[in-house]
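Below: protein_26.txt (compact mmCIF, C-alpha atoms)
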```txt
# COMPACT_ATOMS: atom_id res chain seq x y z
CA MET J 130 85.00 -133.42 -60.93
CA SER J 131 81.72 -132.48 -59.26
CA TRP J 132 80.94 -129.71 -61.74
CA PRO J 133 77.75 -131.38 -63.12
CA LEU J 134 76.18 -131.07 -59.66
CA LEU J 135 77.05 -127.37 -59.44
CA ALA J 136 76.85 -126.18 -63.06
CA ALA J 137 74.42 -123.48 -64.11
CA PRO J 138 72.00 -124.15 -66.98
CA GLY J 139 73.11 -123.37 -70.50
CA GLY J 140 76.69 -124.64 -70.19
CA ALA J 141 78.48 -125.57 -73.39
CA LEU J 142 80.77 -128.29 -72.08
CA THR J 143 80.26 -131.81 -73.38
CA GLU J 144 81.91 -135.12 -72.51
CA THR J 145 84.37 -134.64 -75.38
CA THR J 146 85.29 -131.04 -74.64
CA SER J 147 85.37 -131.23 -70.84
CA GLY J 148 88.10 -133.89 -70.82
CA PRO J 149 90.78 -131.70 -72.44
CA TRP J 150 89.81 -128.78 -70.22
CA LEU J 151 90.14 -130.93 -67.12
CA PHE J 152 93.47 -132.25 -68.36
CA ALA J 153 94.68 -128.68 -68.90
CA LEU J 154 93.71 -127.86 -65.31
CA LEU J 155 95.16 -131.09 -63.92
CA LEU J 156 98.68 -130.61 -65.27
CA PRO J 157 99.35 -127.33 -63.39
CA LEU J 158 97.87 -128.88 -60.24
CA VAL J 159 100.18 -131.89 -60.41
CA THR J 160 103.12 -129.59 -61.19
CA ALA J 161 102.26 -127.43 -58.17
CA VAL J 162 102.12 -130.50 -55.90
CA VAL J 163 105.50 -131.69 -57.20
CA LEU J 164 107.09 -128.28 -56.67
CA LEU J 165 105.60 -128.04 -53.19
CA GLN J 166 106.96 -131.46 -52.30
CA LEU J 167 110.39 -130.55 -53.65
CA THR J 168 110.39 -127.27 -51.73
CA ASP J 169 109.39 -128.94 -48.48
CA GLY J 170 111.91 -131.73 -48.92
CA GLY J 171 109.20 -134.34 -49.44
CA LEU J 172 110.65 -135.35 -52.81
CA ASP J 173 114.30 -135.71 -53.69
CA ALA J 174 116.11 -137.66 -56.39
CA ARG J 175 115.47 -140.95 -54.60
CA ALA J 176 111.79 -140.18 -54.18
CA VAL J 177 111.47 -139.25 -57.86
CA ALA J 178 113.18 -142.53 -58.76
CA MET J 179 110.75 -144.43 -56.54
CA LEU J 180 107.86 -142.54 -58.15
CA GLY J 181 109.08 -143.63 -61.57
CA VAL J 182 109.43 -147.26 -60.48
CA LEU J 183 105.98 -147.42 -58.89
CA SER J 184 104.38 -145.66 -61.88
CA ALA J 185 105.93 -148.30 -64.14
CA VAL J 186 104.65 -151.08 -61.86
CA VAL J 187 101.14 -149.60 -61.92
CA ALA J 188 101.30 -149.46 -65.72
CA ALA J 189 102.53 -153.05 -65.88
CA VAL J 190 99.92 -154.61 -63.59
CA ARG J 191 96.87 -152.72 -64.82
CA PRO J 192 96.36 -154.86 -67.96
CA PHE J 193 95.87 -157.91 -65.72
CA GLY J 194 92.61 -156.38 -64.54
CA ALA J 195 91.62 -153.77 -67.11
CA GLY J 196 88.30 -153.29 -65.33
CA ALA J 197 86.73 -156.49 -66.72
CA ALA J 198 83.78 -157.39 -64.47
CA GLY J 199 85.07 -154.77 -62.06
CA VAL J 200 88.42 -156.50 -61.53
CA GLU J 201 91.07 -153.80 -60.97
CA THR J 202 94.69 -154.58 -60.13
CA VAL J 203 96.17 -151.12 -59.54
CA PHE J 204 94.29 -149.58 -56.63
CA PHE J 205 95.89 -151.75 -53.96
CA LEU J 206 99.29 -150.41 -55.06
CA LEU J 207 98.07 -146.82 -54.96
CA ILE J 208 96.62 -147.32 -51.49
CA LEU J 209 99.69 -149.04 -50.05
CA ALA J 210 102.12 -146.54 -51.59
CA GLY J 211 100.04 -143.58 -50.46
CA ARG J 212 99.93 -145.06 -46.98
CA VAL J 213 103.72 -145.44 -46.73
CA PHE J 214 105.04 -142.46 -48.68
CA GLY J 215 102.41 -139.90 -47.78
CA PRO J 216 99.49 -138.05 -49.38
CA GLY J 217 101.57 -135.80 -51.65
CA PHE J 218 103.50 -138.72 -53.10
CA GLY J 219 100.27 -140.69 -53.43
CA PHE J 220 98.51 -137.90 -55.31
CA ILE J 221 101.34 -137.64 -57.83
CA LEU J 222 101.55 -141.45 -58.18
CA GLY J 223 97.82 -141.68 -58.89
CA CYS J 224 98.22 -139.25 -61.78
CA THR J 225 101.47 -140.59 -63.23
CA GLY J 226 100.56 -144.24 -62.75
CA LEU J 227 97.21 -143.97 -64.54
CA PHE J 228 98.76 -141.83 -67.27
CA ALA J 229 101.56 -144.35 -67.87
CA SER J 230 99.13 -147.26 -67.93
CA ALA J 231 96.90 -145.44 -70.42
CA LEU J 232 99.88 -144.95 -72.74
CA LEU J 233 100.83 -148.61 -72.39
CA THR J 234 97.34 -150.01 -73.00
CA GLY J 235 96.12 -147.42 -75.52
CA GLY J 236 93.53 -146.17 -73.06
CA VAL J 237 94.00 -142.49 -73.86
CA GLY J 238 90.72 -140.64 -74.31
CA PRO J 239 88.50 -137.93 -72.83
CA TRP J 240 87.97 -140.17 -69.79
CA LEU J 241 91.68 -140.26 -68.87
CA PRO J 242 91.86 -136.97 -66.88
CA TYR J 243 88.94 -138.13 -64.74
CA GLN J 244 90.62 -141.47 -64.10
CA MET J 245 93.90 -139.75 -63.17
CA PHE J 246 92.21 -137.26 -60.87
CA ALA J 247 90.06 -139.87 -59.11
CA ALA J 248 93.00 -142.28 -58.68
CA ALA J 249 95.13 -139.42 -57.31
CA PHE J 250 92.60 -138.75 -54.58
CA VAL J 251 92.35 -142.47 -53.77
CA ALA J 252 96.10 -142.58 -53.08
CA LEU J 253 96.06 -139.21 -51.32
CA GLY J 254 93.32 -140.38 -48.97
CA ALA J 255 95.34 -143.46 -48.04
CA GLY J 256 98.16 -141.18 -46.94
CA LEU J 257 95.81 -139.26 -44.65
CA LEU J 258 94.55 -142.31 -42.76
CA PRO J 259 95.36 -142.39 -39.01
CA GLN J 260 98.65 -143.95 -37.96
CA THR J 261 98.78 -147.17 -35.96
CA PRO J 262 101.40 -148.47 -33.49
CA GLU J 263 104.37 -150.47 -34.78
CA THR J 264 103.20 -153.62 -33.03
CA ARG J 265 101.59 -156.86 -34.15
CA ALA J 266 98.16 -155.59 -33.07
CA GLY J 267 98.87 -152.24 -34.71
CA ARG J 268 99.76 -153.89 -38.02
CA THR J 269 96.56 -155.94 -37.90
CA THR J 270 94.55 -152.79 -37.21
CA GLU J 271 96.31 -151.03 -40.06
CA LEU J 272 95.37 -153.76 -42.53
CA ALA J 273 91.76 -153.60 -41.34
CA ILE J 274 91.70 -149.81 -41.84
CA LEU J 275 93.22 -150.16 -45.31
CA ALA J 276 90.68 -152.84 -46.25
CA VAL J 277 87.77 -150.64 -45.18
CA TYR J 278 89.30 -147.71 -47.06
CA ALA J 279 89.78 -149.92 -50.13
CA ALA J 280 86.05 -150.67 -50.17
CA PHE J 281 85.04 -147.04 -49.64
CA SER J 282 87.47 -145.61 -52.21
CA SER J 283 86.56 -148.23 -54.83
CA ILE J 284 82.90 -147.24 -54.67
CA LEU J 285 83.76 -143.54 -54.60
CA TYR J 286 86.06 -143.93 -57.62
CA GLY J 287 83.22 -145.38 -59.67
CA LEU J 288 80.90 -142.60 -58.56
CA LEU J 289 83.42 -139.93 -59.55
CA LEU J 290 83.96 -141.49 -62.96
CA ASN J 291 80.21 -141.58 -63.56
CA LEU J 292 80.25 -137.81 -63.18
CA SER J 293 82.40 -137.60 -66.32
CA PHE J 294 79.74 -139.01 -68.64
CA TRP J 295 76.46 -139.31 -66.75
CA PRO J 296 75.19 -135.84 -67.80
CA PHE J 297 75.56 -136.93 -71.45
CA ALA J 298 74.61 -140.62 -71.17
CA ILE J 299 70.83 -140.23 -71.10
CA THR J 300 68.70 -137.21 -71.85
CA HIS J 301 65.36 -138.06 -70.26
CA GLY J 302 63.86 -140.18 -67.50
CA ASN J 303 64.31 -140.42 -63.76
CA LEU J 304 68.03 -141.15 -64.09
CA ALA J 305 68.82 -138.24 -66.41
CA TYR J 306 70.86 -135.21 -65.45
CA VAL J 307 68.79 -132.04 -65.02
CA PRO J 308 70.77 -129.00 -66.25
CA GLY J 309 70.56 -126.30 -63.63
CA GLY J 310 68.76 -128.61 -61.22
CA GLY J 311 69.43 -128.42 -57.52
CA PHE J 312 72.38 -130.21 -55.95
CA GLY J 313 70.12 -132.61 -54.04
CA GLU J 314 68.01 -133.45 -57.08
CA ASN J 315 70.98 -134.25 -59.34
CA LEU J 316 72.84 -136.08 -56.58
CA SER J 317 69.89 -138.41 -56.05
CA ARG J 318 69.70 -139.02 -59.81
CA LEU J 319 73.44 -139.71 -59.95
CA LEU J 320 73.20 -142.23 -57.13
CA ALA J 321 70.24 -143.92 -58.81
CA TYR J 322 72.12 -144.01 -62.12
CA SER J 323 75.19 -145.52 -60.45
CA LEU J 324 73.06 -148.09 -58.64
CA ALA J 325 71.40 -149.13 -61.90
CA THR J 326 74.49 -149.21 -64.12
CA SER J 327 77.90 -149.40 -62.44
CA LEU J 328 77.46 -150.69 -58.90
CA GLY J 329 78.29 -154.25 -59.95
CA TRP J 330 81.65 -153.12 -61.37
CA ASP J 331 82.29 -150.96 -58.32
CA ILE J 332 81.65 -153.89 -55.99
CA GLY J 333 83.97 -156.05 -58.10
CA ARG J 334 86.66 -153.38 -57.83
CA ALA J 335 86.13 -153.19 -54.08
CA ILE J 336 86.39 -156.97 -53.61
CA THR J 337 89.52 -157.19 -55.77
CA THR J 338 91.21 -154.29 -54.01
CA ILE J 339 90.34 -155.56 -50.52
CA ALA J 340 91.67 -159.03 -51.36
CA LEU J 341 94.92 -157.67 -52.81
CA VAL J 342 95.45 -155.29 -49.89
CA LEU J 343 95.00 -158.12 -47.38
CA LEU J 344 97.11 -160.59 -49.36
CA THR J 345 100.02 -158.34 -50.33
CA GLY J 346 99.78 -155.64 -47.65
CA PRO J 347 101.91 -157.33 -44.96
CA LEU J 348 104.80 -157.86 -47.38
CA LEU J 349 104.55 -154.70 -49.49
CA LEU J 350 104.12 -152.37 -46.53
CA ARG J 351 107.24 -153.84 -44.96
CA VAL J 352 109.25 -153.58 -48.21
CA MET J 353 108.11 -150.02 -48.92
CA ARG J 354 108.84 -148.88 -45.38
CA ARG J 355 112.30 -150.42 -45.51
CA ALA J 356 112.93 -148.52 -48.75
CA ALA J 357 111.60 -145.32 -47.17
CA ARG J 358 113.87 -145.71 -44.14
CA ARG J 359 116.92 -146.34 -46.29
CA ALA J 360 116.06 -143.22 -48.30
CA ASN J 361 115.66 -141.28 -45.04
CA TRP J 362 112.02 -140.37 -45.81
CA VAL J 363 110.85 -141.53 -42.38
```
Written as structure tokens, that's how I'd like the structure from this file.
Amino acid sequence: MSWPLLAAPGGALTETTSGPWLFALLLPLVTAVVLLQLTDGGLDARAVAMLGVLSAVVAAVRPFGAGAAGVETVFFLLILAGRVFGPGFGFILGCTGLFASALLTGGVGPWLPYQMFAAAFVALGAGLLPQTPETRAGRTTELAILAVYAAFSSILYGLLLNLSFWPFAITHGNLAYVPGGGFGENLSRLLAYSLATSLGWDIGRAITTIALVLLTGPLLLRVMRRAARRANWV
């Protein structure tokens, strides 16, 4: 997703053509992750069933937010599920959940592969967070870590999505993408563009996700972990 910062001048990709190419690259990657999880015993029939259920839940709750004013109602589920079921499961859920929600809401377009990829890494990152003790203090610390991660990943998600259209959004000025420009030059322009255009939505996403993680985390983490124990995942 960072190709605009590394691309050489004279490239022929556009916002419309890069989406299908990214989607074509994303499918084998997701397939490889699934096969790796199956080979290592990380996914079995019960895990696949849980993946289907959570993907359907993500698709069902996303319309309640739909990104209006930055309100997003899916990222807390991705973060909590990635935390409990692990980074591999989270990566797959980010892809399948966003794909299912796009089919449900009619949100299929050249932006969809970027949304799937970014959401996959949000859930994957939650699975890589440090573990905490199974005590009252440990659970409080865990919620605090997840809330901080929710804020960070919400801002990063918006930044990654900007990379999908920023090079084609404006063609001149201090915020414009410079084809073949240095990494530092284009990164500073991307940050300035994000600050001027999408930061308000990103902050709204962060606030919504933090609130939902703190409100639902104690219950959903307990329910998901009970399901994981019964399925002998942990």
Each residue of range 247-287 of chain J lying at most 10 Å from range 206-221 of chain J should get a row with its shortest atom-to-atom pair and the distance in Å to one decimal, counting only C-alpha atoms; could you produce that, ordered by chain and increasing number, as a Markdown table?
```
| residue | atom | partner | partner_atom | distance |
| --- | --- | --- | --- | --- |
| J:Ala247 | CA | J:Phe220 | CA | 9.5 |
| J:Ala248 | CA | J:Leu207 | CA | 7.8 |
| J:Ala249 | CA | J:Phe220 | CA | 4.2 |
| J:Phe250 | CA | J:Phe220 | CA | 6.0 |
| J:Val251 | CA | J:Ile208 | CA | 6.9 |
| J:Ala252 | CA | J:Gly219 | CA | 4.6 |
| J:Leu253 | CA | J:Pro216 | CA | 4.1 |
| J:Gly254 | CA | J:Pro216 | CA | 6.6 |
| J:Ala255 | CA | J:Arg212 | CA | 5.0 |
| J:Gly256 | CA | J:Pro216 | CA | 4.2 |
| J:Leu257 | CA | J:Pro216 | CA | 6.1 |
| J:Leu258 | CA | J:Arg212 | CA | 7.4 |
| J:Pro259 | CA | J:Arg212 | CA | 9.6 |
| J:Gln260 | CA | J:Arg212 | CA | 9.2 |
| J:Glu271 | CA | J:Arg212 | CA | 9.8 |
| J:Leu272 | CA | J:Leu209 | CA | 9.9 |
| J:Leu275 | CA | J:Ile208 | CA | 7.6 |
| J:Ala276 | CA | J:Ile208 | CA | 9.7 |
| J:Tyr278 | CA | J:Ile208 | CA | 8.6 |
| J:Ala279 | CA | J:Ile208 | CA | 7.4 |
| J:Ser282 | CA | J:Ile208 | CA | 9.3 |
```
I'd like a table as a tab-separated table: residues in range 209-279 of chain J with an atom no more than 7 Å from range 184-194 of chain J, each row giving the shortest atom pair and its distance in Å to one decimal, all atoms listed in the file counted, sorted by chain and rising residue number.
```
residue	atom	partner	partner_atom	distance
J:Leu222	CA	J:Ser184	CA	6.3
J:Thr225	CA	J:Ser184	CA	6.0
J:Gly226	CA	J:Ser184	CA	4.2
J:Leu227	CA	J:Ala188	CA	6.9
J:Ala229	CA	J:Ala188	CA	5.5
J:Ser230	CA	J:Ala188	CA	3.8
J:Leu233	CA	J:Ala188	CA	6.7
```
Put a box with edges along x, y and z around all the listed atoms of range 273-288 of chain J, pad it by 6 Å on each side, then give me its centre and sizes in Å, one decimal, as AutoDock Vina command-line options.
```
--center_x 87.1 --center_y -148.1 --center_z -50.5 --size_x 24.3 --size_y 23.0 --size_z 30.3
```
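Across the model, the gap from CA of Ile299 in chain J to CA of Leu324 in chain J is 14.9 Å.
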field: Sel. within 12 Å of pt (101.5, -155.8, -38.0), counting all atoms listed in the file, output as a ChimeraX atom specification
entry: /J:261-273,343,346-351
task: May I ask which of the residues J:Ile284, J:Val277, J:Val177, J:Leu241 is the closest one to Ser327 in chain J, counting only C-alpha atoms?
output: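 Of J:Ile284, J:Val277, J:Val177, J:Leu241, the one nearest Ser327 in chain J is J:Ile284, counting only C-alpha atoms.
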Distance of CA of Gly311 in chain J from CA of Trp330 in chain J, expressed in Å to one decimal place: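 Atom-to-atom, CA of Trp330 in chain J and CA of Gly311 in chain J are spaced 27.8 Å apart.
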- request: Give the answer as one residue: which of J:Ser317, J:Gly329, J:Tyr243, J:Tyr306 has the shortest atom-to-atom distance to Leu290 in chain J, using all atoms listed in the file?
  value: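 Smallest separation from Leu290 in chain J among the options: J:Tyr243.
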field: Residue nearest Arg318 in chain J among J:Pro296, J:Gly287, J:Gly236, J:Gly181 (counting all atoms listed in the file)
entry: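 Using all atoms listed in the file, Arg318 in chain J sits closest to J:Pro296.
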message: Neighbouring residues of Thr326 in chain J were defined as those with any atom within 12 Å, considering only C-alpha atoms; residues of the same chain fewer than 2 positions away were excluded. Please report them as a list of chain:residue names.
response: J:Gly287, J:Leu288, J:Asn291, J:Trp295, J:Ala298, J:Ile299, J:Leu304, J:Leu319, J:Leu320, J:Ala321, J:Tyr322, J:Ser323, J:Leu324, J:Leu328, J:Gly329, J:Trp330, J:Asp331, J:Ile332
Write the residues you've just listed into a file as an mmCIF file, keeping the file's coordinate frame, and include C-alpha atoms for each of them.
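Okay, this is what ended up in part.cif:
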```
data_model
loop_
_atom_site.group_PDB
_atom_site.id
_atom_site.type_symbol
_atom_site.label_atom_id
_atom_site.label_comp_id
_atom_site.auth_asym_id
_atom_site.auth_seq_id
_atom_site.Cartn_x
_atom_site.Cartn_y
_atom_site.Cartn_z
ATOM 1 C CA GLY J 287 83.220 -145.380 -59.670
ATOM 2 C CA LEU J 288 80.900 -142.600 -58.560
ATOM 3 C CA ASN J 291 80.210 -141.580 -63.560
ATOM 4 C CA TRP J 295 76.460 -139.310 -66.750
ATOM 5 C CA ALA J 298 74.610 -140.620 -71.170
ATOM 6 C CA ILE J 299 70.830 -140.230 -71.100
ATOM 7 C CA LEU J 304 68.030 -141.150 -64.090
ATOM 8 C CA LEU J 319 73.440 -139.710 -59.950
ATOM 9 C CA LEU J 320 73.200 -142.230 -57.130
ATOM 10 C CA ALA J 321 70.240 -143.920 -58.810
ATOM 11 C CA TYR J 322 72.120 -144.010 -62.120
ATOM 12 C CA SER J 323 75.190 -145.520 -60.450
ATOM 13 C CA LEU J 324 73.060 -148.090 -58.640
ATOM 14 C CA LEU J 328 77.460 -150.690 -58.900
ATOM 15 C CA GLY J 329 78.290 -154.250 -59.950
ATOM 16 C CA TRP J 330 81.650 -153.120 -61.370
ATOM 17 C CA ASP J 331 82.290 -150.960 -58.320
ATOM 18 C CA ILE J 332 81.650 -153.890 -55.990
#
```
- prompt: Nearest to Val342 in chain J among J:Ser293, J:Val182, J:Ile274, J:Thr234, with distances taken over only C-alpha atoms: which residue is it?
  reply: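 Once distances to Val342 in chain J are computed over only C-alpha atoms, the minimum belongs to J:Ile274.
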d(CA of Gly302 in chain J, CA of Phe281 in chain J) in Å: 28.5 Å
